[in-house]
file my_file.csv (CSV, C-alpha atoms and all ligand atoms)
chain,number,residue,atom,x,y,z
A,26,MET,CA,105.2,143.6,138.8
A,27,ALA,CA,105.9,143.8,142.5
A,28,PRO,CA,109.3,142.6,143.6
A,29,VAL,CA,109.5,139.0,144.9
A,30,ASP,CA,109.5,138.7,148.6
A,31,TRP,CA,111.9,135.8,148.8
A,32,ARG,CA,111.9,135.4,152.5
A,33,GLU,CA,108.1,135.3,152.6
A,34,ALA,CA,108.1,132.7,149.7
A,35,TRP,CA,110.4,130.5,151.8
A,36,LYS,CA,108.4,131.1,155.0
A,37,THR,CA,105.2,130.1,153.4
A,38,GLY,CA,106.7,127.2,151.4
A,39,VAL,CA,105.9,128.6,148.0
A,40,THR,CA,109.0,127.5,146.2
A,41,PRO,CA,108.0,126.2,142.8
A,42,TRP,CA,111.6,126.5,141.4
A,43,ASP,CA,112.8,123.8,143.8
A,44,ALA,CA,113.6,120.8,141.7
A,45,GLY,CA,114.6,118.6,144.6
A,46,ALA,CA,118.1,117.8,143.2
A,47,SER,CA,121.1,119.4,141.4
A,48,PRO,CA,120.7,119.8,137.7
A,49,PRO,CA,122.4,117.0,135.6
A,50,ALA,CA,124.6,119.7,134.0
A,51,LEU,CA,126.3,120.3,137.3
A,52,ARG,CA,127.1,116.6,137.7
A,53,SER,CA,128.4,116.6,134.1
A,54,LEU,CA,130.7,119.6,134.9
A,55,LEU,CA,132.1,117.8,137.9
A,56,ALA,CA,132.6,114.6,135.9
A,57,ARG,CA,134.5,116.6,133.3
A,58,GLY,CA,136.8,118.0,135.9
A,59,VAL,CA,135.8,121.6,135.1
A,60,VAL,CA,135.1,122.5,138.8
A,61,PRO,CA,138.5,123.4,140.3
A,62,SER,CA,139.7,122.9,143.9
A,63,GLY,CA,139.7,126.0,146.1
A,64,ARG,CA,136.9,128.4,147.0
A,65,VAL,CA,133.4,127.8,145.4
A,66,LEU,CA,130.4,130.1,145.8
A,67,VAL,CA,126.7,129.3,145.0
A,68,PRO,CA,124.6,132.5,145.2
A,69,GLY,CA,120.9,132.2,145.8
A,70,CYS,CA,121.5,128.5,146.7
A,71,GLY,CA,118.0,127.9,148.1
A,72,THR,CA,117.8,124.4,149.6
A,73,GLY,CA,121.4,123.9,148.7
A,74,TYR,CA,121.4,120.7,146.7
A,75,ASP,CA,124.3,122.1,144.7
A,76,LEU,CA,126.4,122.7,147.8
A,77,ALA,CA,126.2,119.0,148.6
A,78,THR,CA,126.9,118.0,145.0
A,79,LEU,CA,130.0,120.3,144.9
A,80,ALA,CA,131.3,119.2,148.3
A,81,HIS,CA,134.8,117.8,148.1
A,82,GLU,CA,137.8,117.7,150.4
A,83,ASP,CA,139.7,120.0,148.2
A,84,ARG,CA,137.0,122.6,148.1
A,85,GLU,CA,135.6,125.2,150.5
A,86,ILE,CA,132.0,125.6,149.4
A,87,VAL,CA,130.0,128.7,150.4
A,88,GLY,CA,126.2,129.0,149.7
A,89,ILE,CA,124.4,132.2,150.3
A,90,ASP,CA,120.7,133.0,150.3
A,91,LEU,CA,118.5,135.8,151.8
A,92,SER,CA,116.3,133.3,153.6
A,93,GLU,CA,116.8,131.8,157.1
A,94,ASP,CA,114.1,129.3,156.2
A,95,ALA,CA,116.0,128.2,153.1
A,96,ARG,CA,119.1,127.6,155.3
A,97,ALA,CA,117.0,125.6,157.8
A,98,ALA,CA,115.7,123.4,154.9
A,99,PHE,CA,119.3,122.9,153.8
A,100,LEU,CA,120.4,121.9,157.3
A,101,THR,CA,117.5,119.5,157.6
A,102,GLY,CA,118.2,117.9,154.2
A,103,HIS,CA,121.9,117.7,154.6
A,104,PRO,CA,122.8,117.0,158.2
A,105,ASP,CA,126.1,115.2,157.5
A,106,LEU,CA,128.1,117.6,155.2
A,107,PRO,CA,131.7,118.4,156.1
A,108,GLY,CA,132.6,121.7,157.8
A,109,SER,CA,134.1,122.9,154.5
A,110,VAL,CA,130.5,123.5,153.3
A,111,ILE,CA,129.1,126.8,154.7
A,112,TYR,CA,125.7,128.3,154.3
A,113,GLU,CA,125.4,132.0,155.0
A,114,VAL,CA,122.2,134.0,155.2
A,115,THR,CA,123.2,137.2,153.5
A,116,ASP,CA,122.4,139.5,150.6
A,117,PHE,CA,124.4,138.7,147.5
A,118,PHE,CA,124.6,142.4,146.6
A,119,SER,CA,126.3,143.4,149.8
A,120,TYR,CA,128.3,140.1,150.3
A,121,ALA,CA,132.0,141.0,150.7
A,122,PRO,CA,134.1,138.0,151.8
A,123,ALA,CA,137.7,138.6,152.7
A,124,GLU,CA,138.8,136.4,149.8
A,125,GLY,CA,137.3,135.9,146.3
A,126,PHE,CA,136.2,132.6,144.7
A,127,ASP,CA,137.9,130.3,142.1
A,128,PHE,CA,134.5,129.1,140.8
A,129,VAL,CA,131.0,130.6,141.1
A,130,TRP,CA,127.9,128.5,140.1
A,131,ASP,CA,124.8,130.4,139.1
A,132,TYR,CA,121.7,128.3,138.5
A,133,THR,CA,118.3,130.0,138.6
A,134,PHE,CA,119.7,133.0,140.4
A,135,PHE,CA,120.4,135.5,137.6
A,136,CYS,CA,117.0,134.7,136.0
A,137,ALA,CA,115.2,135.2,139.3
A,138,LEU,CA,116.5,138.7,139.8
A,139,ASP,CA,114.6,141.7,138.7
A,140,PRO,CA,116.0,142.8,135.3
A,141,ASN,CA,117.1,146.1,136.8
A,142,GLN,CA,119.4,144.3,139.1
A,143,ARG,CA,121.4,142.6,136.3
A,144,SER,CA,124.1,145.2,136.1
A,145,SER,CA,124.7,145.0,139.9
A,146,TRP,CA,124.8,141.2,139.6
A,147,ALA,CA,127.6,141.5,137.0
A,148,GLU,CA,129.5,144.1,139.1
A,149,THR,CA,129.2,142.0,142.2
A,150,MET,CA,130.3,138.9,140.3
A,151,THR,CA,133.4,140.9,139.1
A,152,HIS,CA,134.3,141.5,142.8
A,153,LEU,CA,133.6,137.9,143.9
A,154,VAL,CA,135.4,135.9,141.2
A,155,LYS,CA,139.1,135.9,141.5
A,156,PRO,CA,141.1,137.0,138.4
A,157,GLY,CA,141.5,133.8,136.3
A,158,GLY,CA,138.5,132.2,138.1
A,159,VAL,CA,135.4,130.9,136.5
A,160,LEU,CA,131.8,132.1,136.6
A,161,ALA,CA,129.6,129.2,135.5
A,162,THR,CA,126.0,130.1,134.5
A,163,LEU,CA,123.5,127.4,133.7
A,164,LEU,CA,121.0,129.6,131.7
A,165,PHE,CA,117.4,128.8,132.4
A,166,PRO,CA,114.8,129.4,131.0
A,167,PHE,CA,116.8,129.8,127.8
A,168,GLU,CA,115.2,131.6,124.9
A,169,ASP,CA,116.8,132.9,121.7
A,170,PRO,CA,115.3,135.2,120.7
A,171,ILE,CA,113.7,136.2,124.0
A,172,SER,CA,110.0,136.3,123.5
A,173,GLY,CA,108.6,136.7,127.0
A,174,THR,CA,108.9,139.6,129.3
A,175,ALA,CA,107.3,138.2,132.4
A,176,GLY,CA,109.1,136.7,135.3
A,177,PRO,CA,110.5,135.4,137.5
A,178,PRO,CA,112.1,133.4,136.1
A,179,TRP,CA,112.8,135.9,133.3
A,180,PRO,CA,113.9,134.3,130.1
A,181,ILE,CA,117.5,134.7,129.4
A,182,ASN,CA,120.2,133.8,126.8
A,183,THR,CA,123.9,133.9,126.2
A,184,GLU,CA,124.0,137.2,124.5
A,185,LEU,CA,122.1,138.8,127.3
A,186,VAL,CA,124.5,137.5,130.0
A,187,ARG,CA,127.5,138.2,127.8
A,188,GLY,CA,126.4,141.8,127.5
A,189,HIS,CA,126.6,142.2,131.2
A,190,VAL,CA,129.8,140.3,131.9
A,191,GLN,CA,132.1,140.9,128.9
A,192,SER,CA,134.0,143.8,130.3
A,193,ALA,CA,135.3,141.7,133.1
A,194,PHE,CA,135.0,138.1,131.8
A,195,LEU,CA,136.1,136.2,128.7
A,196,ASP,CA,134.0,133.6,126.9
A,197,LEU,CA,135.3,130.2,128.0
A,198,GLU,CA,132.6,127.8,126.8
A,199,VAL,CA,129.0,128.0,125.6
A,200,ALA,CA,127.3,124.6,125.2
A,201,GLU,CA,124.0,122.7,125.0
A,202,VAL,CA,123.4,120.5,127.9
A,203,GLU,CA,122.8,116.8,127.5
A,204,SER,CA,120.2,116.4,130.2
A,205,SER,CA,117.9,118.6,132.3
A,206,HIS,CA,115.3,118.2,135.0
A,207,SER,CA,112.0,117.0,133.8
A,208,GLY,CA,110.1,119.9,132.3
A,209,ARG,CA,113.3,121.9,131.6
A,210,GLU,CA,114.5,120.0,128.6
A,211,GLY,CA,115.7,122.2,125.8
A,212,LYS,CA,115.4,125.3,128.0
A,213,GLU,CA,119.0,125.2,129.5
A,214,ARG,CA,122.4,126.2,128.1
A,215,LEU,CA,125.7,126.2,129.8
A,216,ALA,CA,127.9,129.3,129.6
A,217,LEU,CA,131.3,129.5,131.3
A,218,TRP,CA,133.1,132.8,131.7
A,219,ARG,CA,136.7,133.4,132.7
A,220,ARG,CA,137.5,136.4,134.9
A,221,ARG,CA,139.9,138.6,133.1
A,222,GLU,CA,143.3,139.1,134.7
A,223,PRO,CA,143.9,142.7,135.7
B,301,LIG,C1,114.6,130.9,142.0
B,301,LIG,S1,115.3,130.6,143.5
B,301,LIG,C2,116.6,129.4,143.1
B,301,LIG,C3,117.1,128.6,144.3
B,301,LIG,C4,118.2,127.5,143.9
B,301,LIG,N1,119.3,128.1,143.1
B,301,LIG,C5,117.5,126.4,143.1
B,301,LIG,O1,117.9,126.2,141.9
B,301,LIG,O2,116.7,125.7,143.7
B,301,LIG,C6,116.3,132.0,143.8
B,301,LIG,C7,116.9,132.1,145.2
B,301,LIG,O3,117.7,133.3,145.3
B,301,LIG,C8,117.5,133.8,146.6
B,301,LIG,N2,117.8,135.2,146.5
B,301,LIG,C9,117.1,136.2,145.8
B,301,LIG,N3,117.7,137.4,145.9
B,301,LIG,C10,118.8,137.2,146.7
B,301,LIG,C11,119.8,138.0,147.1
B,301,LIG,N4,119.8,139.3,146.8
B,301,LIG,N5,120.8,137.5,147.8
B,301,LIG,C12,120.9,136.2,148.1
B,301,LIG,N6,119.9,135.3,147.8
B,301,LIG,C13,118.9,135.8,147.0
B,301,LIG,C14,116.1,133.4,147.0
B,301,LIG,O4,115.8,133.5,148.3
B,301,LIG,C15,115.9,132.0,146.3
B,301,LIG,O5,116.3,131.0,147.2
call {"tool": "encode", "arguments": {"input": "my_file.csv", "output": "structure tokens"}}
result
Amino acid sequence: MAPVDWREAWKTGVTPWDAGASPPALRSLLARGVVPSGRVLVPGCGTGYDLATLAHEDREIVGIDLSEDARAAFLTGHPDLPGSVIYEVTDFFSYAPAEGFDFVWDYTFFCALDPNQRSSWAETMTHLVKPGGVLATLLFPFEDPISGTAGPPWPINTELVRGHVQSAFLDLEVAEVESSHSGREGKERLALWRRREP
């Protein structure tokens, strides 16, 4: 399968993954107080609903995406966000901020990447999440066992992601989610990983 041209997808408005709002599981995490203050990263943030949902005076939120058009859609949709919410057009795999993050939120990013990029995803996450910080993955489309081999989105599960992160991250929580976007019910699981201390 040819690699996805994400910039072209955004330019031509072919964005079938865009649910128009943050997933209920993110709101639930916030309500439970799981998202810390400090620096928060949302890789492959698309239209950036999650940046707005995560915005808080005690947090510096950084969203990154490859597409300038995605950023434009974010700015149009969220004109009034505080300056502590930043959207950078950059490649996740070469993103090297001066400081790491206390919390990283991955929803429909890992599953969108070509499977041969997964090891690089894990390596990059290891550099981006501060020791003791949390990598939160809302796994979609969740399959156990994985039956399909087509994507994106490529079906994923906890074992698959654990296999990539376990050398640098500890299991913190794996849970079913109470609620999902319409059409995604039963296909999401929450997995939180704690970055190991050196
Ligand atoms: C399936 S979409 C999900 C967007 C968003 N998370 C959502 O749930 O609506 C994947 C996003 O990742 C972005 N993306 C893909 N590869 C990327 C990379 N290497 N660096 C940064 N963003 C990337 C794409 O442009 C796209 O917006």
call {"tool": "closest_residue", "arguments": {"input": "my_file.csv", "among": "A:Ser119, A:Thr101, A:Thr183, A:Thr174", "to": "Thr162 (chain A)", "atoms": "all atoms listed in the file"}}
result
A:Thr183
call {"tool": "residues_around", "arguments": {"input": "my_file.csv", "residues": "Thr133 (chain A)", "least_positions_apart": "5", "cutoff": "9 Å", "atoms": "all atoms listed in the file", "output": "list in words"}}
result
Trp42, Gly69, Cys70, Leu138, Thr162, Leu163, Leu164, Phe165, Pro166 and Pro178 of chain A
call {"tool": "write_last_selection", "arguments": {"input": "my_file.csv", "atoms": "C-alpha atoms", "output": "mmCIF file, keeping the file's coordinate frame"}}
result
data_model
loop_
_atom_site.group_PDB
_atom_site.id
_atom_site.type_symbol
_atom_site.label_atom_id
_atom_site.label_comp_id
_atom_site.auth_asym_id
_atom_site.auth_seq_id
_atom_site.Cartn_x
_atom_site.Cartn_y
_atom_site.Cartn_z
ATOM 1 C CA TRP A 42 111.600 126.500 141.400
ATOM 2 C CA GLY A 69 120.900 132.200 145.800
ATOM 3 C CA CYS A 70 121.500 128.500 146.700
ATOM 4 C CA LEU A 138 116.500 138.700 139.800
ATOM 5 C CA THR A 162 126.000 130.100 134.500
ATOM 6 C CA LEU A 163 123.500 127.400 133.700
ATOM 7 C CA LEU A 164 121.000 129.600 131.700
ATOM 8 C CA PHE A 165 117.400 128.800 132.400
ATOM 9 C CA PRO A 166 114.800 129.400 131.000
ATOM 10 C CA PRO A 178 112.100 133.400 136.100
#
call {"tool": "residues_around", "arguments": {"input": "my_file.csv", "residues": "Leu76 (chain A)", "least_positions_apart": "6", "cutoff": "8 Å", "atoms": "all atoms listed in the file", "output": "PDB file with C-alpha atoms, in the frame of the given file"}}
result
ATOM      1  CA  VAL A  67     126.700 129.300 145.000  1.00  0.00           C
ATOM      2  CA  CYS A  70     121.500 128.500 146.700  1.00  0.00           C
ATOM      3  CA  ILE A  86     132.000 125.600 149.400  1.00  0.00           C
ATOM      4  CA  VAL A  87     130.000 128.700 150.400  1.00  0.00           C
ATOM      5  CA  GLY A  88     126.200 129.000 149.700  1.00  0.00           C
ATOM      6  CA  VAL A 110     130.500 123.500 153.300  1.00  0.00           C
TER       7      VAL A 110
END
call {"tool": "closest_atom_pairs", "arguments": {"input": "my_file.csv", "of": "chain A", "to": "ligand LIG 301 (chain B)", "cutoff": "8 Å", "atoms": "only C-alpha atoms and all ligand atoms", "output": "Markdown table"}}
result
| residue | atom | partner | partner_atom | distance |
| --- | --- | --- | --- | --- |
| A:Trp31 | CA | B:LIG301 | O4 | 4.6 |
| A:Arg32 | CA | B:LIG301 | O4 | 6.0 |
| A:Ala34 | CA | B:LIG301 | O4 | 7.9 |
| A:Trp35 | CA | B:LIG301 | O4 | 7.1 |
| A:Thr40 | CA | B:LIG301 | S1 | 7.5 |
| A:Trp42 | CA | B:LIG301 | C1 | 5.4 |
| A:Asp43 | CA | B:LIG301 | O2 | 4.3 |
| A:Ala44 | CA | B:LIG301 | O2 | 6.1 |
| A:Gly45 | CA | B:LIG301 | O2 | 7.5 |
| A:Ser47 | CA | B:LIG301 | O1 | 7.5 |
| A:Val67 | CA | B:LIG301 | N1 | 7.7 |
| A:Pro68 | CA | B:LIG301 | C12 | 6.0 |
| A:Gly69 | CA | B:LIG301 | O3 | 3.4 |
| A:Cys70 | CA | B:LIG301 | N1 | 4.2 |
| A:Gly71 | CA | B:LIG301 | O5 | 3.6 |
| A:Thr72 | CA | B:LIG301 | O2 | 6.1 |
| A:Gly73 | CA | B:LIG301 | C4 | 6.8 |
| A:Tyr74 | CA | B:LIG301 | O2 | 7.5 |
| A:Asp75 | CA | B:LIG301 | N1 | 8.0 |
| A:Ile89 | CA | B:LIG301 | C12 | 5.8 |
| A:Asp90 | CA | B:LIG301 | N6 | 3.5 |
| A:Leu91 | CA | B:LIG301 | N6 | 4.3 |
| A:Ser92 | CA | B:LIG301 | O4 | 5.3 |
| A:Ala95 | CA | B:LIG301 | O5 | 6.5 |
| A:Val114 | CA | B:LIG301 | C12 | 7.5 |
| A:Thr115 | CA | B:LIG301 | C12 | 6.0 |
| A:Asp116 | CA | B:LIG301 | N5 | 3.8 |
| A:Phe117 | CA | B:LIG301 | N5 | 3.8 |
| A:Phe118 | CA | B:LIG301 | N4 | 5.7 |
| A:Asp131 | CA | B:LIG301 | N1 | 7.2 |
| A:Tyr132 | CA | B:LIG301 | N1 | 5.2 |
| A:Thr133 | CA | B:LIG301 | C2 | 4.8 |
| A:Phe134 | CA | B:LIG301 | C6 | 4.9 |
| A:Cys136 | CA | B:LIG301 | C1 | 7.5 |
| A:Ala137 | CA | B:LIG301 | C1 | 5.1 |
| A:Leu138 | CA | B:LIG301 | N3 | 6.4 |
| A:Pro177 | CA | B:LIG301 | C1 | 7.6 |
| A:Pro178 | CA | B:LIG301 | C1 | 6.9 |
call {"tool": "residues_around", "arguments": {"input": "my_file.csv", "residues": "Val159 (chain A)", "least_positions_apart": "6", "cutoff": "8 Å", "atoms": "all atoms listed in the file", "output": "MDAnalysis selection string"}}
result
chainID A and resid 127:129 217:220
call {"tool": "residues_around", "arguments": {"input": "my_file.csv", "residues": "region 186-188 of chain A", "least_positions_apart": "2", "cutoff": "9 Å", "atoms": "all atoms listed in the file", "output": "PDB file with C-alpha atoms, in the coordinates of the input"}}
result
ATOM      1  CA  PHE A 135     120.400 135.500 137.600  1.00  0.00           C
ATOM      2  CA  ARG A 143     121.400 142.600 136.300  1.00  0.00           C
ATOM      3  CA  ALA A 147     127.600 141.500 137.000  1.00  0.00           C
ATOM      4  CA  THR A 162     126.000 130.100 134.500  1.00  0.00           C
ATOM      5  CA  LEU A 164     121.000 129.600 131.700  1.00  0.00           C
ATOM      6  CA  ILE A 181     117.500 134.700 129.400  1.00  0.00           C
ATOM      7  CA  ASN A 182     120.200 133.800 126.800  1.00  0.00           C
ATOM      8  CA  THR A 183     123.900 133.900 126.200  1.00  0.00           C
ATOM      9  CA  GLU A 184     124.000 137.200 124.500  1.00  0.00           C
ATOM     10  CA  VAL A 190     129.800 140.300 131.900  1.00  0.00           C
ATOM     11  CA  GLN A 191     132.100 140.900 128.900  1.00  0.00           C
ATOM     12  CA  SER A 192     134.000 143.800 130.300  1.00  0.00           C
ATOM     13  CA  PHE A 194     135.000 138.100 131.800  1.00  0.00           C
ATOM     14  CA  LEU A 195     136.100 136.200 128.700  1.00  0.00           C
ATOM     15  CA  ASP A 196     134.000 133.600 126.900  1.00  0.00           C
ATOM     16  CA  ALA A 216     127.900 129.300 129.600  1.00  0.00           C
ATOM     17  CA  TRP A 218     133.100 132.800 131.700  1.00  0.00           C
TER      18      TRP A 218
END
call {"tool": "residues_around", "arguments": {"input": "my_file.csv", "residues": "Arg52 (chain A)", "least_positions_apart": "6", "cutoff": "12 Å", "atoms": "only C-alpha atoms", "output": "CSV table (one decimal) with C-alpha atoms, in the frame of the given file"}}
result
chain,number,residue,atom,x,y,z
A,46,ALA,CA,118.1,117.8,143.2
A,58,GLY,CA,136.8,118.0,135.9
A,59,VAL,CA,135.8,121.6,135.1
A,60,VAL,CA,135.1,122.5,138.8
A,74,TYR,CA,121.4,120.7,146.7
A,75,ASP,CA,124.3,122.1,144.7
A,76,LEU,CA,126.4,122.7,147.8
A,77,ALA,CA,126.2,119.0,148.6
A,78,THR,CA,126.9,118.0,145.0
A,79,LEU,CA,130.0,120.3,144.9
A,80,ALA,CA,131.3,119.2,148.3
A,202,VAL,CA,123.4,120.5,127.9
A,203,GLU,CA,122.8,116.8,127.5
A,204,SER,CA,120.2,116.4,130.2
A,205,SER,CA,117.9,118.6,132.3
call {"tool": "closest_residue", "arguments": {"input": "my_file.csv", "among": "A:Pro170, A:Pro122, A:Gly176, A:Pro107", "to": "Leu153 (chain A)", "atoms": "only C-alpha atoms"}}
result
A:Pro122
call {"tool": "closest_residue", "arguments": {"input": "my_file.csv", "among": "A:His81, A:Arg214, A:Trp130, A:Leu66", "to": "Ala200 (chain A)", "atoms": "only C-alpha atoms"}}
result
A:Arg214
call {"tool": "atom_distance", "arguments": {"input": "my_file.csv", "atom1": "CA of Asp83 (chain A)", "atom2": "CA of Gly63 (chain A)"}}
result
6.4 Å
call {"tool": "atom_distance", "arguments": {"input": "my_file.csv", "atom1": "CA of Gly125 (chain A)", "atom2": "CA of Leu160 (chain A)"}}
result
11.8 Å
call {"tool": "closest_residue", "arguments": {"input": "my_file.csv", "among": "A:Ala97, A:Leu51, A:Val29, A:Val65", "to": "Glu213 (chain A)", "atoms": "all atoms listed in the file"}}
result
A:Leu51
call {"tool": "closest_residue", "arguments": {"input": "my_file.csv", "among": "A:Gly38, A:Pro61, A:Gly173, A:Pro156", "to": "Arg221 (chain A)", "atoms": "all atoms listed in the file"}}
result
A:Pro156
call {"tool": "build_atoms", "arguments": {"input": "my_file.csv", "residues": "region 126-135 of chain A", "atoms": "all heavy atoms", "output": "short mmCIF file (atom, residue, chain, number, x, y, z; two decimals), in the coordinates of the input"}}
result
data_model
loop_
_atom_site.label_atom_id
_atom_site.label_comp_id
_atom_site.auth_asym_id
_atom_site.auth_seq_id
_atom_site.Cartn_x
_atom_site.Cartn_y
_atom_site.Cartn_z
N PHE A 126 136.55 134.02 144.97
CA PHE A 126 136.20 132.60 144.70
C PHE A 126 136.90 132.16 143.37
O PHE A 126 137.01 132.93 142.43
CB PHE A 126 134.74 132.40 144.63
CG PHE A 126 134.10 132.56 145.98
CD1 PHE A 126 133.66 133.82 146.40
CD2 PHE A 126 133.97 131.49 146.85
CE1 PHE A 126 133.11 133.99 147.66
CE2 PHE A 126 133.41 131.65 148.11
CZ PHE A 126 132.97 132.90 148.51
N ASP A 127 137.28 130.88 143.35
CA ASP A 127 137.90 130.30 142.10
C ASP A 127 136.77 129.86 141.15
O ASP A 127 137.03 129.76 139.95
CB ASP A 127 138.68 129.04 142.53
CG ASP A 127 139.80 129.40 143.49
OD1 ASP A 127 140.80 129.97 143.02
OD2 ASP A 127 139.64 129.16 144.71
N PHE A 128 135.57 129.61 141.68
CA PHE A 128 134.50 129.10 140.80
C PHE A 128 133.16 129.57 141.46
O PHE A 128 132.95 129.42 142.67
CB PHE A 128 134.53 127.57 140.82
CG PHE A 128 133.57 126.92 139.87
CD1 PHE A 128 133.89 126.72 138.53
CD2 PHE A 128 132.34 126.46 140.32
CE1 PHE A 128 133.01 126.09 137.65
CE2 PHE A 128 131.44 125.82 139.45
CZ PHE A 128 131.79 125.64 138.11
N VAL A 129 132.32 130.16 140.64
CA VAL A 129 131.00 130.60 141.10
C VAL A 129 129.95 129.88 140.21
O VAL A 129 130.08 129.88 138.98
CB VAL A 129 130.80 132.10 141.07
CG1 VAL A 129 129.37 132.47 141.45
CG2 VAL A 129 131.78 132.78 142.01
N TRP A 130 128.95 129.29 140.85
CA TRP A 130 127.90 128.50 140.10
C TRP A 130 126.59 129.25 140.27
O TRP A 130 126.06 129.39 141.38
CB TRP A 130 127.83 127.12 140.75
CG TRP A 130 126.67 126.29 140.27
CD1 TRP A 130 125.61 125.88 141.03
CD2 TRP A 130 126.47 125.73 138.96
NE1 TRP A 130 124.76 125.12 140.27
CE2 TRP A 130 125.27 125.00 138.99
CE3 TRP A 130 127.20 125.79 137.77
CZ2 TRP A 130 124.76 124.34 137.87
CZ3 TRP A 130 126.69 125.13 136.67
CH2 TRP A 130 125.49 124.41 136.72
N ASP A 131 126.08 129.74 139.14
CA ASP A 131 124.80 130.40 139.10
C ASP A 131 123.77 129.60 138.38
O ASP A 131 123.83 129.48 137.15
CB ASP A 131 124.94 131.82 138.49
CG ASP A 131 123.64 132.63 138.55
OD1 ASP A 131 122.56 132.07 138.20
OD2 ASP A 131 123.68 133.81 138.93
N TYR A 132 122.83 129.05 139.11
CA TYR A 132 121.70 128.30 138.50
C TYR A 132 120.43 128.89 139.07
O TYR A 132 120.25 128.87 140.30
CB TYR A 132 121.81 126.83 138.76
CG TYR A 132 120.69 126.01 138.09
CD1 TYR A 132 120.37 126.19 136.75
CD2 TYR A 132 119.97 125.07 138.82
CE1 TYR A 132 119.37 125.46 136.15
CE2 TYR A 132 118.96 124.32 138.22
CZ TYR A 132 118.67 124.52 136.88
OH TYR A 132 117.66 123.80 136.27
N THR A 133 119.58 129.40 138.24
CA THR A 133 118.30 130.00 138.60
C THR A 133 118.45 131.13 139.65
O THR A 133 117.57 131.36 140.46
CB THR A 133 117.30 128.94 139.16
OG1 THR A 133 117.82 128.33 140.33
CG2 THR A 133 116.99 127.90 138.11
N PHE A 134 119.58 131.84 139.59
CA PHE A 134 119.70 133.00 140.40
C PHE A 134 119.60 134.28 139.54
O PHE A 134 118.72 135.11 139.77
CB PHE A 134 121.06 133.01 141.18
CG PHE A 134 121.25 134.21 142.07
CD1 PHE A 134 120.31 134.53 143.05
CD2 PHE A 134 122.35 135.04 141.92
CE1 PHE A 134 120.47 135.65 143.86
CE2 PHE A 134 122.52 136.16 142.73
CZ PHE A 134 121.57 136.46 143.70
N PHE A 135 120.43 134.38 138.51
CA PHE A 135 120.40 135.50 137.60
C PHE A 135 118.94 135.71 137.04
O PHE A 135 118.39 136.80 136.99
CB PHE A 135 121.37 135.36 136.46
CG PHE A 135 121.36 136.44 135.43
CD1 PHE A 135 122.10 137.61 135.62
CD2 PHE A 135 120.64 136.32 134.24
CE1 PHE A 135 122.10 138.62 134.66
CE2 PHE A 135 120.64 137.32 133.28
CZ PHE A 135 121.37 138.48 133.49
#
